[in-house]
Each structure stands twice: as structure tokens, then as C-alpha cells.
>>> print(open('query-v3.pdb').read())   # PDB, C-alpha atoms
MODEL        1
ATOM      1  CA  MET N1190       4.501 -12.075   4.089
ATOM      2  CA  HIS N1191       1.836 -10.774   1.710
ATOM      3  CA  GLU N1192       2.897 -13.730  -0.449
ATOM      4  CA  LEU N1193       0.622 -15.946   1.664
ATOM      5  CA  ARG N1194      -2.472 -13.818   1.159
ATOM      6  CA  ILE N1195      -1.838 -13.521  -2.581
ATOM      7  CA  ALA N1196      -1.247 -17.296  -2.795
ATOM      8  CA  GLU N1197      -4.561 -17.893  -1.010
ATOM      9  CA  ASP N1198      -6.455 -15.724  -3.466
ATOM     10  CA  LEU N1199      -4.645 -17.379  -6.382
ATOM     11  CA  SER N1200      -5.455 -20.913  -5.269
ATOM     12  CA  ALA N1201      -9.106 -19.978  -4.765
ATOM     13  CA  ILE N1202      -9.230 -18.762  -8.388
ATOM     14  CA  VAL N1203      -7.431 -21.901  -9.624
ATOM     15  CA  VAL N1204      -9.659 -24.336  -7.732
ATOM     16  CA  GLU N1205     -12.808 -22.514  -8.842
ATOM     17  CA  ALA N1206     -11.723 -22.502 -12.507
ATOM     18  CA  ALA N1207     -10.784 -26.203 -12.346
ATOM     19  CA  LYS N1208     -14.206 -27.010 -10.939
ATOM     20  CA  ARG N1209     -15.970 -24.941 -13.572
ATOM     21  CA  GLU N1210     -13.996 -26.631 -16.364
ATOM     22  CA  LYS N1211     -14.412 -30.049 -14.729
ATOM     23  CA  LEU N1212     -10.671 -30.708 -14.520
ATOM     24  CA  SER N1213      -9.603 -33.622 -12.352
ATOM     25  CA  MET N1214      -6.061 -32.339 -12.093
ATOM     26  CA  VAL N1215      -4.335 -28.992 -12.626
ATOM     27  CA  THR N1216      -0.827 -29.496 -13.997
ATOM     28  CA  LYS N1217       0.344 -25.912 -14.427
ATOM     29  CA  VAL N1218      -0.582 -22.412 -13.277
ATOM     30  CA  ASN N1219       0.720 -19.516 -15.392
ATOM     31  CA  ILE N1220       1.033 -16.206 -13.583
ATOM     32  CA  SER N1221       2.843 -12.927 -14.085
ATOM     33  CA  PHE N1222       3.935 -10.433 -11.431
ATOM     34  CA  GLY N1223       5.179  -6.898 -11.942
ATOM     35  CA  ALA N1224       8.679  -6.152 -10.661
ATOM     36  CA  LEU N1225       7.345  -3.379  -8.401
ATOM     37  CA  VAL N1226       5.275  -5.723  -6.246
ATOM     38  CA  GLN N1227       8.373  -7.226  -4.630
ATOM     39  CA  ILE N1228       7.159 -10.796  -4.423
ATOM     40  CA  VAL N1229       9.879 -13.242  -3.402
ATOM     41  CA  PRO N1230       9.407 -16.183  -5.818
ATOM     42  CA  ASP N1231      10.622 -18.872  -3.376
ATOM     43  CA  ILE N1232       8.340 -17.688  -0.589
ATOM     44  CA  PHE N1233       5.453 -17.403  -3.017
ATOM     45  CA  GLU N1234       6.042 -20.928  -4.296
ATOM     46  CA  PHE N1235       6.100 -22.206  -0.711
ATOM     47  CA  ALA N1236       2.902 -20.341   0.184
ATOM     48  CA  PHE N1237       1.178 -21.591  -2.960
ATOM     49  CA  ARG N1238       2.125 -25.200  -2.116
ATOM     50  CA  GLU N1239       0.566 -24.812   1.310
ATOM     51  CA  THR N1240      -2.654 -23.309   0.020
ATOM     52  CA  VAL N1241      -3.271 -25.914  -2.721
ATOM     53  CA  ARG N1242      -2.460 -28.914  -0.538
ATOM     54  CA  ASP N1243      -5.151 -31.602  -0.893
ATOM     55  CA  SER N1244      -6.777 -29.780  -3.815
ATOM     56  CA  VAL N1245      -6.908 -30.573  -7.547
ATOM     57  CA  ALA N1246      -3.915 -28.257  -7.930
ATOM     58  CA  ALA N1247      -1.751 -29.978  -5.310
ATOM     59  CA  ASN N1248       0.854 -31.011  -7.883
ATOM     60  CA  ALA N1249       0.544 -28.086 -10.259
ATOM     61  CA  GLU N1250       3.715 -26.491 -11.496
ATOM     62  CA  LEU N1251       3.844 -22.727 -10.944
ATOM     63  CA  ASP N1252       5.140 -20.753 -13.927
ATOM     64  CA  LEU N1253       5.968 -17.246 -12.722
ATOM     65  CA  GLU N1254       6.906 -14.541 -15.205
ATOM     66  CA  ILE N1255       8.289 -11.273 -13.814
ATOM     67  CA  ILE N1256       7.236  -8.224 -15.842
ATOM     68  CA  PRO N1257       9.685  -5.315 -15.865
ATOM     69  CA  VAL N1258       8.529  -1.840 -14.896
ATOM     70  CA  LYS N1259       7.483   0.071 -18.017
ATOM     71  CA  MET N1260       6.405   3.715 -18.114
ATOM     72  CA  ARG N1261       5.057   6.131 -20.691
ATOM     73  CA  CYS N1262       6.321   9.689 -20.710
ATOM     74  CA  ILE N1263       3.374  12.091 -20.662
ATOM     75  CA  ARG N1264       5.430  14.798 -22.345
ATOM     76  CA  CYS N1265       7.125  13.001 -25.264
ATOM     77  CA  ARG N1266       5.010   9.802 -25.316
ATOM     78  CA  ARG N1267       8.082   7.574 -25.231
ATOM     79  CA  GLU N1268       7.628   4.154 -23.631
ATOM     80  CA  PHE N1269      10.640   2.830 -21.755
ATOM     81  CA  LEU N1270      11.749   0.372 -19.082
ATOM     82  CA  ILE N1271      12.780   1.613 -15.650
ATOM     83  CA  SER N1272      16.222   0.597 -14.515
ATOM     84  CA  GLU N1273      17.718   1.116 -11.068
ATOM     85  CA  ASN N1274      14.600   2.869  -9.762
ATOM     86  CA  ASN N1275      15.168   5.875 -11.955
ATOM     87  CA  PHE N1276      11.666   7.114 -12.682
ATOM     88  CA  ALA N1277      12.482   9.710 -15.326
ATOM     89  CA  CYS N1278      12.093   9.590 -19.115
ATOM     90  CA  ASP N1279      15.276   8.297 -20.719
ATOM     91  CA  GLN N1280      14.707  10.607 -23.684
ATOM     92  CA  CYS N1281      13.462  13.965 -22.382
ATOM     93  CA  ASN N1282      14.129  13.453 -18.660
ATOM     94  CA  SER N1283      10.553  14.384 -17.693
ATOM     95  CA  THR N1284       9.265  12.887 -14.454
ATOM     96  CA  GLU N1285       5.607  13.089 -15.484
ATOM     97  CA  LEU N1286       5.010   9.423 -16.234
ATOM     98  CA  ASP N1287       2.169   6.950 -16.474
ATOM     99  CA  ILE N1288       2.770   3.381 -15.435
ATOM    100  CA  ILE N1289       2.139   0.749 -18.120
ATOM    101  CA  ASN N1290       3.581  -2.371 -16.489
ATOM    102  CA  GLY N1291       5.128  -3.339 -13.187
ATOM    103  CA  LYS N1292       2.251  -3.620 -10.708
ATOM    104  CA  GLU N1293       0.659  -6.795 -12.091
ATOM    105  CA  LEU N1294      -0.461  -9.700  -9.950
ATOM    106  CA  PHE N1295      -1.989 -11.601 -12.786
ATOM    107  CA  ILE N1296      -3.169 -15.125 -13.492
ATOM    108  CA  LYS N1297      -2.960 -15.854 -17.207
ATOM    109  CA  SER N1298      -4.155 -19.438 -17.457
ATOM    110  CA  ILE N1299      -4.209 -22.874 -15.941
ATOM    111  CA  GLU N1300      -3.414 -26.177 -17.625
ATOM    112  CA  GLY N1301      -4.857 -29.519 -16.711
ATOM    113  CA  GLU N1302      -6.854 -32.529 -17.731
TER
ATOM    114  CA  MET Y 491      -5.838 -28.429 -22.026
ATOM    115  CA  GLU Y 492      -5.105 -24.772 -21.287
ATOM    116  CA  ILE Y 493      -7.805 -22.542 -19.853
ATOM    117  CA  LYS Y 494      -7.356 -18.788 -20.211
ATOM    118  CA  ILE Y 495      -8.211 -16.838 -17.083
ATOM    119  CA  MET Y 496      -6.554 -13.410 -17.528
ATOM    120  CA  LYS Y 497      -7.531 -11.951 -14.198
ATOM    121  CA  ASN Y 498      -6.018  -9.848 -11.428
ATOM    122  CA  ILE Y 499      -5.309 -12.238  -8.541
ATOM    123  CA  LEU Y 500      -6.373  -9.579  -6.042
ATOM    124  CA  ASP Y 501      -9.622  -8.931  -7.907
ATOM    125  CA  ARG Y 502     -11.762  -9.428  -4.813
ATOM    126  CA  ASN Y 503      -9.721  -6.911  -2.854
ATOM    127  CA  GLN Y 504      -9.771  -4.454  -5.765
ATOM    128  CA  ASN Y 505     -13.528  -4.683  -6.272
ATOM    129  CA  ARG Y 506     -14.235  -4.013  -2.628
ATOM    130  CA  ALA Y 507     -11.699  -1.158  -2.600
ATOM    131  CA  ASN Y 508     -13.528   0.435  -5.533
ATOM    132  CA  GLU Y 509     -16.806   0.223  -3.599
ATOM    133  CA  VAL Y 510     -15.207   1.837  -0.535
ATOM    134  CA  ARG Y 511     -13.744   4.618  -2.688
ATOM    135  CA  GLU Y 512     -17.110   5.327  -4.268
ATOM    136  CA  LEU Y 513     -18.910   5.425  -0.909
ATOM    137  CA  LEU Y 514     -16.345   7.792   0.601
ATOM    138  CA  ALA Y 515     -16.510  10.079  -2.428
ATOM    139  CA  GLN Y 516     -20.299  10.213  -2.091
ATOM    140  CA  LYS Y 517     -19.997  11.074   1.598
ATOM    141  CA  LYS Y 518     -17.178  13.554   0.914
ATOM    142  CA  VAL Y 519     -14.762  11.862   3.301
ATOM    143  CA  LEU Y 520     -11.024  11.957   2.587
ATOM    144  CA  MET Y 521      -9.349   8.659   3.486
ATOM    145  CA  VAL Y 522      -5.593   8.620   4.107
ATOM    146  CA  ASN Y 523      -3.805   5.269   4.215
ATOM    147  CA  ILE Y 524      -0.743   5.820   6.437
ATOM    148  CA  ILE Y 525       2.069   3.359   5.755
ATOM    149  CA  SER Y 526       5.407   3.083   7.578
ATOM    150  CA  SER Y 527       7.720   0.682   9.377
ATOM    151  CA  PRO Y 528       6.885  -0.156  12.998
ATOM    152  CA  GLY Y 529       8.021   2.696  15.217
ATOM    153  CA  ALA Y 530       8.341   5.398  12.553
ATOM    154  CA  GLY Y 531       5.836   7.545  14.436
ATOM    155  CA  LYS Y 532       2.417   7.001  12.848
ATOM    156  CA  THR Y 533       0.491   7.121  16.126
ATOM    157  CA  THR Y 534       2.456  10.113  17.422
ATOM    158  CA  LEU Y 535       1.751  11.869  14.120
ATOM    159  CA  LEU Y 536      -1.956  11.175  14.570
ATOM    160  CA  GLU Y 537      -1.896  12.409  18.169
ATOM    161  CA  HIS Y 538      -0.420  15.749  17.130
ATOM    162  CA  THR Y 539      -2.601  16.017  14.041
ATOM    163  CA  CYS Y 540      -5.769  15.439  16.102
ATOM    164  CA  GLU Y 541      -4.565  18.036  18.585
ATOM    165  CA  ALA Y 542      -3.820  20.628  15.895
ATOM    166  CA  LEU Y 543      -6.721  20.036  13.504
ATOM    167  CA  GLY Y 544      -9.411  18.533  15.744
ATOM    168  CA  ALA Y 545     -11.249  21.836  16.082
ATOM    169  CA  ARG Y 546     -11.177  22.538  12.352
ATOM    170  CA  PHE Y 547     -12.093  19.130  10.935
ATOM    171  CA  ARG Y 548     -14.160  16.128  11.947
ATOM    172  CA  ILE Y 549     -11.545  13.363  12.206
ATOM    173  CA  GLY Y 550     -12.019   9.596  12.420
ATOM    174  CA  VAL Y 551      -9.337   6.925  12.793
ATOM    175  CA  ILE Y 552      -9.056   3.268  11.879
ATOM    176  CA  GLU Y 553      -6.223   1.650  13.823
ATOM    177  CA  GLY Y 554      -4.765  -1.414  12.139
ATOM    178  CA  ASP Y 555      -2.683  -3.474  14.495
ATOM    179  CA  ILE Y 556      -1.594  -7.077  14.596
ATOM    180  CA  THR Y 557      -2.770  -7.285  18.180
ATOM    181  CA  THR Y 558      -3.679  -4.950  21.130
ATOM    182  CA  ASP Y 559      -5.553  -1.653  21.114
ATOM    183  CA  ARG Y 560      -2.687   0.365  22.546
ATOM    184  CA  ASP Y 561      -2.548   2.829  19.660
ATOM    185  CA  ALA Y 562      -6.278   3.468  19.905
ATOM    186  CA  GLN Y 563      -5.945   4.038  23.680
ATOM    187  CA  ARG Y 564      -3.419   6.781  22.971
ATOM    188  CA  LEU Y 565      -5.927   8.595  20.734
ATOM    189  CA  LYS Y 566      -8.929   8.237  23.053
ATOM    190  CA  LYS Y 567      -8.370  11.591  24.716
ATOM    191  CA  TYR Y 568      -9.238  13.443  21.480
ATOM    192  CA  ASN Y 569     -12.825  12.273  21.639
ATOM    193  CA  ILE Y 570     -12.942  11.140  18.035
ATOM    194  CA  PRO Y 571     -14.488   7.996  16.559
ATOM    195  CA  ILE Y 572     -11.837   5.227  16.510
ATOM    196  CA  VAL Y 573     -12.181   1.646  15.344
ATOM    197  CA  VAL Y 574      -9.477  -0.951  15.899
ATOM    198  CA  ILE Y 575      -8.844  -3.723  13.391
ATOM    199  CA  ASN Y 576      -6.689  -6.493  14.829
ATOM    200  CA  THR Y 577      -5.250  -8.512  11.968
ATOM    201  CA  GLU Y 578      -4.179 -11.385  14.292
ATOM    202  CA  GLY Y 579      -0.841 -11.868  12.601
ATOM    203  CA  GLY Y 580      -1.768 -10.433   9.202
ATOM    204  CA  CYS Y 581       0.878  -8.032   7.920
ATOM    205  CA  HIS Y 582      -1.483  -5.550   6.242
ATOM    206  CA  LEU Y 583      -5.066  -4.301   6.157
ATOM    207  CA  ASP Y 584      -7.260  -5.126   3.175
ATOM    208  CA  SER Y 585     -10.357  -3.554   1.666
ATOM    209  CA  HIS Y 586     -12.698  -6.152   3.176
ATOM    210  CA  SER Y 587     -11.681  -5.323   6.737
ATOM    211  CA  ILE Y 588     -12.049  -1.588   6.006
ATOM    212  CA  SER Y 589     -15.428  -2.059   4.386
ATOM    213  CA  LYS Y 590     -16.658  -4.031   7.408
ATOM    214  CA  VAL Y 591     -15.804  -1.296   9.915
ATOM    215  CA  LEU Y 592     -16.994   1.682   7.840
ATOM    216  CA  GLY Y 593     -20.508   1.030   9.162
ATOM    217  CA  SER Y 594     -19.311   1.954  12.658
ATOM    218  CA  PHE Y 595     -18.657   5.539  11.524
ATOM    219  CA  ASP Y 596     -21.224   8.255  10.921
ATOM    220  CA  LEU Y 597     -19.697   9.106   7.539
ATOM    221  CA  GLY Y 598     -21.988  12.093   7.018
ATOM    222  CA  ASN Y 599     -20.329  13.657  10.057
ATOM    223  CA  LEU Y 600     -16.727  13.073   9.039
ATOM    224  CA  ASP Y 601     -14.258  15.099   6.970
ATOM    225  CA  VAL Y 602     -11.257  12.817   7.107
ATOM    226  CA  LEU Y 603     -10.576   9.219   8.005
ATOM    227  CA  PHE Y 604      -6.985   8.353   8.844
ATOM    228  CA  VAL Y 605      -6.144   4.672   8.493
ATOM    229  CA  GLU Y 606      -3.056   3.643  10.435
ATOM    230  CA  ASN Y 607      -1.944   0.540   8.553
ATOM    231  CA  VAL Y 608       0.073  -2.288  10.111
ATOM    232  CA  GLY Y 609       3.732  -1.258  10.430
ATOM    233  CA  ASN Y 610       5.365  -2.678   7.299
ATOM    234  CA  LEU Y 611       6.733  -1.082   4.120
ATOM    235  CA  ILE Y 612       5.978  -3.831   1.592
ATOM    236  CA  CYS Y 613       2.698  -5.652   2.114
ATOM    237  CA  PRO Y 614       0.377  -2.697   2.811
ATOM    238  CA  SER Y 615       1.447  -1.006  -0.446
ATOM    239  CA  GLN Y 616      -0.005  -3.973  -2.331
ATOM    240  CA  PHE Y 617      -3.552  -3.819  -0.993
ATOM    241  CA  ASP Y 618      -5.779  -0.981  -2.117
ATOM    242  CA  LEU Y 619      -8.102  -0.046   0.766
ATOM    243  CA  GLY Y 620     -10.177   2.401  -1.242
ATOM    244  CA  GLU Y 621      -8.187   5.302   0.181
ATOM    245  CA  THR Y 622      -8.014   8.726  -1.423
ATOM    246  CA  PHE Y 623      -4.238   8.467  -1.199
ATOM    247  CA  LYS Y 624      -1.342   6.772   0.567
ATOM    248  CA  LEU Y 625       0.942   8.649   2.916
ATOM    249  CA  ALA Y 626       4.451   7.299   3.523
ATOM    250  CA  VAL Y 627       6.028   7.967   6.912
ATOM    251  CA  VAL Y 628       9.684   7.143   7.440
ATOM    252  CA  SER Y 629      11.981   8.062  10.326
ATOM    253  CA  THR Y 630      15.625   9.048  10.177
ATOM    254  CA  ALA Y 631      16.633   6.292  12.594
ATOM    255  CA  GLU Y 632      15.645   3.681   9.985
ATOM    256  CA  GLY Y 633      18.390   4.849   7.635
ATOM    257  CA  ASP Y 634      18.416   6.903   4.449
ATOM    258  CA  ASP Y 635      18.022   3.950   2.058
ATOM    259  CA  LYS Y 636      14.306   3.296   2.439
ATOM    260  CA  PRO Y 637      12.972   4.887  -0.797
ATOM    261  CA  GLY Y 638      15.406   2.840  -2.901
ATOM    262  CA  LYS Y 639      14.524  -0.370  -1.102
ATOM    263  CA  TYR Y 640      10.762   0.079  -1.180
ATOM    264  CA  PRO Y 641      10.110   1.868  -4.475
ATOM    265  CA  MET Y 642       6.446   0.855  -4.772
ATOM    266  CA  LEU Y 643       5.371   2.715  -1.632
ATOM    267  CA  PHE Y 644       7.426   5.826  -2.347
ATOM    268  CA  ARG Y 645       6.290   5.856  -5.973
ATOM    269  CA  GLU Y 646       2.627   5.654  -4.991
ATOM    270  CA  ALA Y 647       2.599   7.961  -1.975
ATOM    271  CA  ARG Y 648       0.886  11.329  -2.405
ATOM    272  CA  ALA Y 649       3.232  12.780   0.233
ATOM    273  CA  VAL Y 650       6.225  11.618   2.288
ATOM    274  CA  LEU Y 651       6.853  12.542   5.912
ATOM    275  CA  LEU Y 652      10.414  12.206   7.161
ATOM    276  CA  ASN Y 653      10.023  12.029  10.921
ATOM    277  CA  LYS Y 654      12.516  12.294  13.819
ATOM    278  CA  ILE Y 655      14.741  14.844  12.078
ATOM    279  CA  ASP Y 656      15.857  15.919  15.561
ATOM    280  CA  LEU Y 657      17.700  12.581  15.803
ATOM    281  CA  ILE Y 658      19.860  13.107  12.697
ATOM    282  CA  PRO Y 659      22.944  14.169  14.730
ATOM    283  CA  TYR Y 660      22.883  10.776  16.486
ATOM    284  CA  THR Y 661      22.589   8.667  13.319
ATOM    285  CA  ASN Y 662      24.435   8.262  10.025
ATOM    286  CA  PHE Y 663      21.337   9.406   8.127
ATOM    287  CA  SER Y 664      22.227  11.492   5.074
ATOM    288  CA  PHE Y 665      19.419  13.763   3.962
ATOM    289  CA  GLU Y 666      21.140  14.187   0.613
ATOM    290  CA  ASN Y 667      21.145  10.427  -0.078
ATOM    291  CA  PHE Y 668      17.552  10.141   1.070
ATOM    292  CA  SER Y 669      16.193  12.987  -1.030
ATOM    293  CA  GLN Y 670      18.204  11.987  -4.115
ATOM    294  CA  ASP Y 671      16.794   8.460  -3.896
ATOM    295  CA  LEU Y 672      13.289   9.778  -3.392
ATOM    296  CA  LYS Y 673      13.584  12.221  -6.317
ATOM    297  CA  ARG Y 674      14.567   9.409  -8.679
ATOM    298  CA  ILE Y 675      11.515   7.393  -7.659
ATOM    299  CA  ASN Y 676       8.936  10.144  -7.278
ATOM    300  CA  ALA Y 677      10.338  13.497  -8.365
ATOM    301  CA  ASN Y 678       7.316  15.624  -7.594
ATOM    302  CA  VAL Y 679       6.135  14.175  -4.275
ATOM    303  CA  PRO Y 680       5.862  16.695  -1.418
ATOM    304  CA  LEU Y 681       8.378  15.862   1.325
ATOM    305  CA  PHE Y 682       7.890  17.163   4.857
ATOM    306  CA  GLN Y 683      10.795  17.031   7.288
ATOM    307  CA  ILE Y 684       9.278  16.837  10.726
ATOM    308  CA  SER Y 685       9.811  15.927  14.330
ATOM    309  CA  CYS Y 686       6.500  14.923  15.866
ATOM    310  CA  THR Y 687       7.867  15.062  19.394
ATOM    311  CA  LYS Y 688       9.791  18.350  19.054
ATOM    312  CA  GLY Y 689       7.316  20.040  16.718
ATOM    313  CA  ASP Y 690       9.759  20.891  13.898
ATOM    314  CA  GLY Y 691       8.114  21.226  10.494
ATOM    315  CA  MET Y 692       4.674  20.239  11.754
ATOM    316  CA  ASN Y 693       2.959  23.428  10.581
ATOM    317  CA  GLY Y 694       3.855  22.650   6.970
ATOM    318  CA  TRP Y 695       2.255  19.231   7.311
ATOM    319  CA  TYR Y 696      -0.885  20.629   8.972
ATOM    320  CA  GLU Y 697      -1.247  23.198   6.231
ATOM    321  CA  TRP Y 698      -0.833  20.606   3.469
ATOM    322  CA  ILE Y 699      -3.210  18.007   4.932
ATOM    323  CA  GLY Y 700      -5.717  20.758   5.810
ATOM    324  CA  GLY Y 701      -5.656  21.797   2.146
ATOM    325  CA  GLN Y 702      -6.198  18.193   1.035
ATOM    326  CA  ILE Y 703      -9.167  17.822   3.383
ATOM    327  CA  GLU Y 704     -10.685  21.111   2.195
ATOM    328  CA  LYS Y 705     -10.473  20.266  -1.489
ATOM    329  CA  ARG Y 706     -11.782  16.723  -1.074
TER
ENDMDL
END
>>> encode(input="query-v3.pdb", output="C-alpha cells")
Amino acid sequence: MHELRIAEDLSAIVVEAAKREKLSMVTKVNISFGALVQIVPDIFEFAFRETVRDSVAANAELDLEIIPVKMRCIRCRREFLISENNFACDQCNSTELDIINGKELFIKSIEGE
Amino acid sequence: MEIKIMKNILDRNQNRANEVRELLAQKKVLMVNIISSPGAGKTTLLEHTCEALGARFRIGVIEGDITTDRDAQRLKKYNIPIVVINTEGGCHLDSHSISKVLGSFDLGNLDVLFVENVGNLICPSQFDLGETFKLAVVSTAEGDDKPGKYPMLFREARAVLLNKIDLIPYTNFSFENFSQDLKRINANVPLFQISCTKGDGMNGWYEWIGGQIEKR
């Protein structure tokens, strides 16, 4: 259900940017979410539709890219993708890791005219 | 025409969370964001923790609930400052609601602030409140598959409490499955096996949280 709150914040950013850039219509919103945030794309799309209703972004297409979870091993510096929730280095097996990608809730750009 | 924005969608929440974190660090208050499913035992944990540590530390509580102040009523007898945040349907607390109620506490007279988040394993893990750390509470009756299903929370938690271990004989909970799953997600996280109602394992938890409060 956090999809709704995130959609609200997203549409506020979109509407504000459209106003600033003097767009009369937003045609596309490009966003990327990390795989760890467990957003359900269909629910998010639905929530977004509700929150942009009657705005300049009412008919905007939502382009959602899911970013895989990527970590850096603190011990051997290797960067690797996490599969099946196995948070250990696939080279040296260390569990001391820094997260690089996977927690994003990011708006990249909007398109419009 | 494409307009680059390149911005965290939850920027507003993050900015306010950073302010809260800074204020609490200044005031030397440890803030613990307690996250679990409904019914895992967050309020019971707080009752026993207030009982055991109330003389040693100055404790405050923020009770996040969708509606009612029942949890807060249960903690009233410990004579500690409690503020209730009713989210009116919202599935998580956010940094704005925390920031608003911080003014109701005398932060200079507080060592630790426990925030009981709304019962939910997904949404609350997404919203930084400005806490010092997150604490995951899970009970055996929910099944042993929770770490694998909710990796974000278990990855981010500073400690995990497995509550209701006295009920294991009546469930199909496998501690081996649970701890294997948890180790894959967060190998070094302290895990406390407890029963809030029977008292098992509680001393280990008190000792650990006491240490965290002392070194804040």
C-alpha cells in the first residue's frame, strides 16, 4: 500500500516540473525502482493514475525500470548482482557488503510538450 | 521534449528524516524504529522493556497505529512520555509525522525513544524516520519464511527479535529454515530468540539494547 504514498510524491514532482517548464501536457514519466523496495508495478500504475487524474500528466505513460540489487564486497572489492536473496560475495564469500543499487525510488525525467 | 529530473521520489521524506536524525544526535537520544507484522508482539516487548529498563534509562515511546490508542493505554502504567500517531488508514509512519510530535518530548531528558511503527513488514521499511536503527520483530506463529519474503527489512535491521519461541511446539516453524534464510540476507545481524510473555531470552535483549543506549 506504500505504492499510493510514493505515487503521490511522484505526481507532485511531475506536476511541479511540468509547471516550471511550462509544459501543457506530460506524455511520459521515466522512473526506476530498486528490486529491494518491493513495489508492485500494477498497483503502482493504478495509484499513479489516481494521483495524476485531472492534471497535466493525466495521460502520461509510466516507464518503470527495475534495477537489480548490486553490492560491493568490502573485502575483495568485487561488484556483483544479488540472486535469490543471497547476500554474500560470489567470489570470496564475505558477507561484509556495501549496497550500490537496489533501494532506488528514482525519477529520471519527464517528457512532454 | 525530455526534461531531466534525476531525483529521489521520497526526497521530502528523506530530507526531514535527516533533520530528525541530526536533532536526536545533538540531544543524544537513541531512536529505535520497531517494525513487525500486526500481532508479533511489539507492544508486549515494549511493556517488558519499560519494566526492566525503566529505572536505568529515560524511555519515551511514539505509538504508530492506524486507529485507537490502545497500545499507548497499555504503556501508561510505566509513567513515561508517550505520543500516539494515528495514521488514519496509512500503512506506515513517515518522517514528517515523527518530526511533528518530537516537540511534545523533552528530548534533553530522554535516553531512548522507541517508535512502534504500524504493523506491516513492507511499507515501513521504505520510509526513513530519522531513526538510529531499525529493529525487526517477528513471531514464530507467522512462519519461518519471513526473512526470505521481506529481504529489505531483514537486510536493514540492526537486530532481529524472534518472539513467541514458546509456541514453536504448536506450529510448523523451523528455526533452522528461519536462521538459514536470515543468514543469507544479513549474516552478521544479532538474533535474539525470546518469549515476551514467558520471559525466555529477554535478558539477552535487555543487555544488548542497554549497551546500544549507553554507547549512543
>>> atom_distance(input="query-v3.pdb", atom1="CA of Gln702 in chain Y", atom2="CA of Leu1286 in chain N")
22.4 Å
>>> closest_residue(input="query-v3.pdb", among="Y:Val650, Y:Val605, Y:Leu500, Y:Val551", to="Leu625 in chain Y", atoms="only C-alpha atoms")
Y:Val650
>>> closest_residue(input="query-v3.pdb", among="Y:Pro637, Y:Pro571, Y:Gly544, Y:Gly550", to="chain N", atoms="all atoms listed in the file")
Y:Pro637
>>> closest_residue(input="query-v3.pdb", among="Y:Ile575, Y:Leu583, Y:Val602, Y:Ala626", to="chain N", atoms="all atoms listed in the file")
Y:Leu583
>>> atom_distance(input="query-v3.pdb", atom1="CA of Cys686 in chain Y", atom2="CA of Leu535 in chain Y")
5.9 Å
>>> axis_aligned_box(input="query-v3.pdb", around="range 1232-1248 of chain N", padding_each_side="4 Å", output="AutoDock Vina command-line options")
--center_x 0.7 --center_y -24.5 --center_z -3.3 --size_x 23.2 --size_y 22.2 --size_z 17.2
>>> resolve_selection(input="query-v3.pdb", expression="the ChimeraX specification (/Y :<6) & /N", output="list in words")
His1191, Leu1199, Leu1225, Asn1274, Asn1275, Phe1276, Leu1294, Phe1295, Ile1296, Lys1297, Ser1298, Ile1299, Glu1300 and Gly1301 of chain N
>>> atom_distance(input="query-v3.pdb", atom1="CA of Arg1267 in chain N", atom2="CA of Lys636 in chain Y")
28.7 Å
>>> resolve_selection(input="query-v3.pdb", expression="the PyMOL selection byres ((chain Y and resi 569) around 10)", output="ChimeraX atom specification")
/Y:540,544,549-550,565-568,570-572
>>> residues_near_point(input="query-v3.pdb", point="(-20.4, 12.0, 3.9)", cutoff="12 Å", atoms="only C-alpha atoms", output="list of chain:residue names")
Y:Arg511, Y:Glu512, Y:Leu513, Y:Leu514, Y:Ala515, Y:Gln516, Y:Lys517, Y:Lys518, Y:Val519, Y:Leu520, Y:Met521, Y:Arg548, Y:Leu592, Y:Phe595, Y:Asp596, Y:Leu597, Y:Gly598, Y:Asn599, Y:Leu600, Y:Asp601, Y:Val602, Y:Leu603, Y:Arg706
>>> write_last_selection(input="query-v3.pdb", atoms="C-alpha atoms", output="PDB file, in the coordinates of the input")
ATOM      1  CA  ARG Y 511     -13.744   4.618  -2.688  1.00  0.00           C
ATOM      2  CA  GLU Y 512     -17.110   5.327  -4.268  1.00  0.00           C
ATOM      3  CA  LEU Y 513     -18.910   5.425  -0.909  1.00  0.00           C
ATOM      4  CA  LEU Y 514     -16.345   7.792   0.601  1.00  0.00           C
ATOM      5  CA  ALA Y 515     -16.510  10.079  -2.428  1.00  0.00           C
ATOM      6  CA  GLN Y 516     -20.299  10.213  -2.091  1.00  0.00           C
ATOM      7  CA  LYS Y 517     -19.997  11.074   1.598  1.00  0.00           C
ATOM      8  CA  LYS Y 518     -17.178  13.554   0.914  1.00  0.00           C
ATOM      9  CA  VAL Y 519     -14.762  11.862   3.301  1.00  0.00           C
ATOM     10  CA  LEU Y 520     -11.024  11.957   2.587  1.00  0.00           C
ATOM     11  CA  MET Y 521      -9.349   8.659   3.486  1.00  0.00           C
ATOM     12  CA  ARG Y 548     -14.160  16.128  11.947  1.00  0.00           C
ATOM     13  CA  LEU Y 592     -16.994   1.682   7.840  1.00  0.00           C
ATOM     14  CA  PHE Y 595     -18.657   5.539  11.524  1.00  0.00           C
ATOM     15  CA  ASP Y 596     -21.224   8.255  10.921  1.00  0.00           C
ATOM     16  CA  LEU Y 597     -19.697   9.106   7.539  1.00  0.00           C
ATOM     17  CA  GLY Y 598     -21.988  12.093   7.018  1.00  0.00           C
ATOM     18  CA  ASN Y 599     -20.329  13.657  10.057  1.00  0.00           C
ATOM     19  CA  LEU Y 600     -16.727  13.073   9.039  1.00  0.00           C
ATOM     20  CA  ASP Y 601     -14.258  15.099   6.970  1.00  0.00           C
ATOM     21  CA  VAL Y 602     -11.257  12.817   7.107  1.00  0.00           C
ATOM     22  CA  LEU Y 603     -10.576   9.219   8.005  1.00  0.00           C
ATOM     23  CA  ARG Y 706     -11.782  16.723  -1.074  1.00  0.00           C
TER      24      ARG Y 706
END
>>> residues_around(input="query-v3.pdb", residues="Ala542 in chain Y", least_positions_apart="6", cutoff="10 Å", atoms="only C-alpha atoms", output="PyMOL selection string")
chain Y and resi 536+692-693+696
